[in-house]
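Taking it in order: structure first as C-alpha cells, then the write-up.
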Amino acid sequence: MGLPRFELESQAPKARRMPSYPTAPLRVKVKLYIYPFPFWCVLYLAIAVAVLCVVFLVSKLWPALIKSAPWDPTPMRIVNEMLDMAELKKGEKLYDLGCGDGRIVIAATRHYGASSVGVELDPIRYAITRIRIRANRLKRAEVRRENFFKTDLRDADVVTLFLYQSVNNRLRAKLFRELKDGARVVTYIWTFDGWEPEKADRKNRVYLYRVTKKINNNKDMNESSRS
Ligand SMILES: C[S@@+](CC[C@H](N)C(=O)[O-])C[C@H]1O[C@@H](n2cnc3c(N)ncnc32)[C@H](O)[C@@H]1O
C-alpha cells in the first residue's frame with residue numbers, strides 16, 4: 001500500500017506549422033503512480049496529526065471546562081512592575097496562581113532570587129513551564145499541575161494573579177484565610193471587590209494588596225473575605 005500520486009499530462013496534437021490560434025481541443029490524460037510508502041508510516045503520521053489536533057482543542061477549551069480564566073500572557077514589562085511593586089526579596093516565596101508559560105515564576109527566581117511556585121491546570125502550559133524551568137536550571141522554581149483553589153498558600157510571601165474579576169473574588173476568602181499577616185497579593189487588570197489596594201498603578205492596571213489580620217485593622221478586608 002502506498003500513497004497515490006496523480007499527474008496531469010497535456011497531449012495537444014503536434015502541429016506541423018504553428019498556427020496563430022489553437023486548432024484542436026486540449027486532451028488531458030491522468031496517470032496514477034503508486035509510491036512504495038509503507039502503510040504504517042502513513043498511519044503513524046495520521047495518528048500524530050490527530051493527537052496534535054486533540055491537544056490543541058483541549059488547550060483552547062480548557063478554560064471553559066474548568067470555568068476559569070484562559071491563558072493570556074502578562075507583558076514582560078508588567079511582570080517586572082508587579083514584582084517591583086511587591087518588593088519581592090531574595091529568599092521569599094512567591095506563588096503565581098495560573099502560571100501560564102511560567103514567565104512570572106522564572107523572573108521571580110532568576111532576577112529576584114525568590115523561591116517560586118507556579119500552579120497551572122492546563123497540561124500544555126504546565127509542560128511549557130516545566131521545560132522552561134529546566135532549561136533555565138532554576139533549582140528554586142517549580143510548577144505544580146493542580147487547581148489553585150486547592151493549593152496550600154500558608155507559606156507564601158507574595159501571590160501574583162492575572163485571572164478574571166469573578167475568579168479573584170472567588171479566591172478572596174481563601175487568600176485571607178491562608179496567607180500570613182503581611183503577605184502581598186499583586187494582581188494585573190482585575191481587582192478584589194471590597195478590598196482597597198495599598199498601591200495601584202491605574203494606568204497599567206497593577207494593584208497590590210497586603211493581607212492584614214490585626215483586629216479592627218482593615219475591617220473591609222476581613223468582612224468581605226467571609227463571603
Ligand atoms: C491569564 S493567564 C495568566 C498566565 C500567567 N500568570 C501570566 O501572567 O502570564 C491565566 C492562567 O490561569 C490558568 N488557570 C485558570 N484557572 C486555573 C485553576 N483553577 N487552576 C490552575 N490554573 C488555572 C489558565 O490555564 C491560564 O494559563
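Here's how to read the names in the C-alpha cells: chain A, B, ... by the order shown, residue numbers from 1 in each chain, ligand numbers from 1 in the order shown.
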### Task
Extract, using only C-alpha atoms, all DNA, RNA and protein residues at most 7 Å from region 113-130 of chain A, discarding same-chain residues fewer than 5 positions from it, and format them as a list in words.
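Final neighbour list, sorted by chain and number: Ser59, Trp62, Lys89, Lys90, Gly91, Glu92, Lys93, Leu94, Tyr95, Asp96, Leu97, Gly98, Cys99, Gly100, Asp101, Gly102, Val105, Ala108, Arg140, Ala141, Glu142, Val143, Arg144, Arg145, Glu146, Asn147 and Phe148 of chain A.
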Take the residues that were just selected and, keeping C-alpha atoms, output them as a tab-separated table (two decimals), in the first residue's frame.
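See again07.tsv below for the written result:
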```
chain	number	residue	atom	x	y	z
A	59	SER	CA	-5.97	23.63	25.34
A	62	TRP	CA	-9.69	24.21	28.86
A	89	LYS	CA	13.11	39.89	48.19
A	90	LYS	CA	15.71	37.18	47.95
A	91	GLY	CA	14.61	34.07	49.84
A	92	GLU	CA	10.91	34.97	49.86
A	93	LYS	CA	8.34	32.56	48.44
A	94	LEU	CA	6.14	33.56	45.52
A	95	TYR	CA	3.13	31.70	44.12
A	96	ASP	CA	1.77	32.53	40.65
A	97	LEU	CA	-1.76	31.15	40.55
A	98	GLY	CA	-2.39	30.14	36.94
A	99	CYS	CA	1.25	30.48	35.85
A	100	GLY	CA	0.70	30.04	32.08
A	101	ASP	CA	4.10	29.74	30.38
A	102	GLY	CA	5.90	30.38	33.69
A	105	VAL	CA	7.90	32.21	38.19
A	108	ALA	CA	10.95	35.88	40.31
A	140	ARG	CA	14.30	27.21	43.44
A	141	ALA	CA	11.46	27.31	40.93
A	142	GLU	CA	8.80	24.64	40.50
A	143	VAL	CA	5.50	24.14	38.76
A	144	ARG	CA	2.58	22.10	40.07
A	145	ARG	CA	-0.18	20.75	37.92
A	146	GLU	CA	-3.15	21.41	40.14
A	147	ASN	CA	-6.24	23.52	40.64
A	148	PHE	CA	-5.12	26.63	42.52
```
### Task
Assign secondary structure with DSSP using the backbone only, and return the residues of region 42-161 of chain A in alpha helix (DSSP H) as an NGL selection string.
:A and (42-66 or 76-85 or 103-112 or 123-135)
### Query
Contacts of Val158 (chain A) at 6 Å or less, counting only C-alpha atoms, minus same-chain residues fewer than 5 places along, as a PyMOL selection string?
chain A and resi 94+183-185
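Comparing A:Ile78, A:Val159, A:Leu171, A:Ile104 by their smallest distance to Arg205 (chain A), the closest is A:Ile78 (using only C-alpha atoms).
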Might you pull out every residue within 8 Å of region 71-77 of chain A, with only C-alpha atoms counted and same-chain residues fewer than 3 positions away left off, and present them as a PDB file with N, CA and C atoms, in the first residue's frame?
```
ATOM      1  N   PRO A  63     -10.194  26.519  29.572  1.00  0.00           N
ATOM      2  CA  PRO A  63     -10.787  27.481  30.498  1.00  0.00           C
ATOM      3  C   PRO A  63     -12.290  27.272  30.664  1.00  0.00           C
ATOM      4  N   ASN A  80       7.695  42.699  35.446  1.00  0.00           N
ATOM      5  CA  ASN A  80       8.714  43.380  36.254  1.00  0.00           C
ATOM      6  C   ASN A  80       8.079  44.384  37.201  1.00  0.00           C
ATOM      7  N   GLU A  81       7.075  45.098  36.707  1.00  0.00           N
ATOM      8  CA  GLU A  81       6.410  46.085  37.568  1.00  0.00           C
ATOM      9  C   GLU A  81       5.714  45.388  38.739  1.00  0.00           C
ATOM     10  N   GLY A 100       0.550  29.975  33.535  1.00  0.00           N
ATOM     11  CA  GLY A 100       0.696  30.042  32.077  1.00  0.00           C
ATOM     12  C   GLY A 100       2.011  29.450  31.617  1.00  0.00           C
ATOM     13  N   ASP A 101       2.819  30.252  30.890  1.00  0.00           N
ATOM     14  CA  ASP A 101       4.101  29.741  30.384  1.00  0.00           C
ATOM     15  C   ASP A 101       5.236  29.920  31.392  1.00  0.00           C
ATOM     16  N   ARG A 103       6.349  32.673  33.018  1.00  0.00           N
ATOM     17  CA  ARG A 103       7.209  33.869  32.931  1.00  0.00           C
ATOM     18  C   ARG A 103       7.397  34.567  34.282  1.00  0.00           C
ATOM     19  N   PHE A 162      -3.194  36.910  37.436  1.00  0.00           N
ATOM     20  CA  PHE A 162      -3.769  37.565  36.259  1.00  0.00           C
ATOM     21  C   PHE A 162      -4.888  36.636  35.811  1.00  0.00           C
ATOM     22  N   TYR A 188      -2.908  41.775  38.190  1.00  0.00           N
ATOM     23  CA  TYR A 188      -2.878  42.554  36.950  1.00  0.00           C
ATOM     24  C   TYR A 188      -4.308  42.637  36.396  1.00  0.00           C
TER      25      TYR A 188
END
```
### Query
For the atom pair CA of His111 (chain A) and atom 17 (C, counted along the ligand's line) of ligand 1, what is the interatomic distance in Å to one decimal place?
25.4 Å
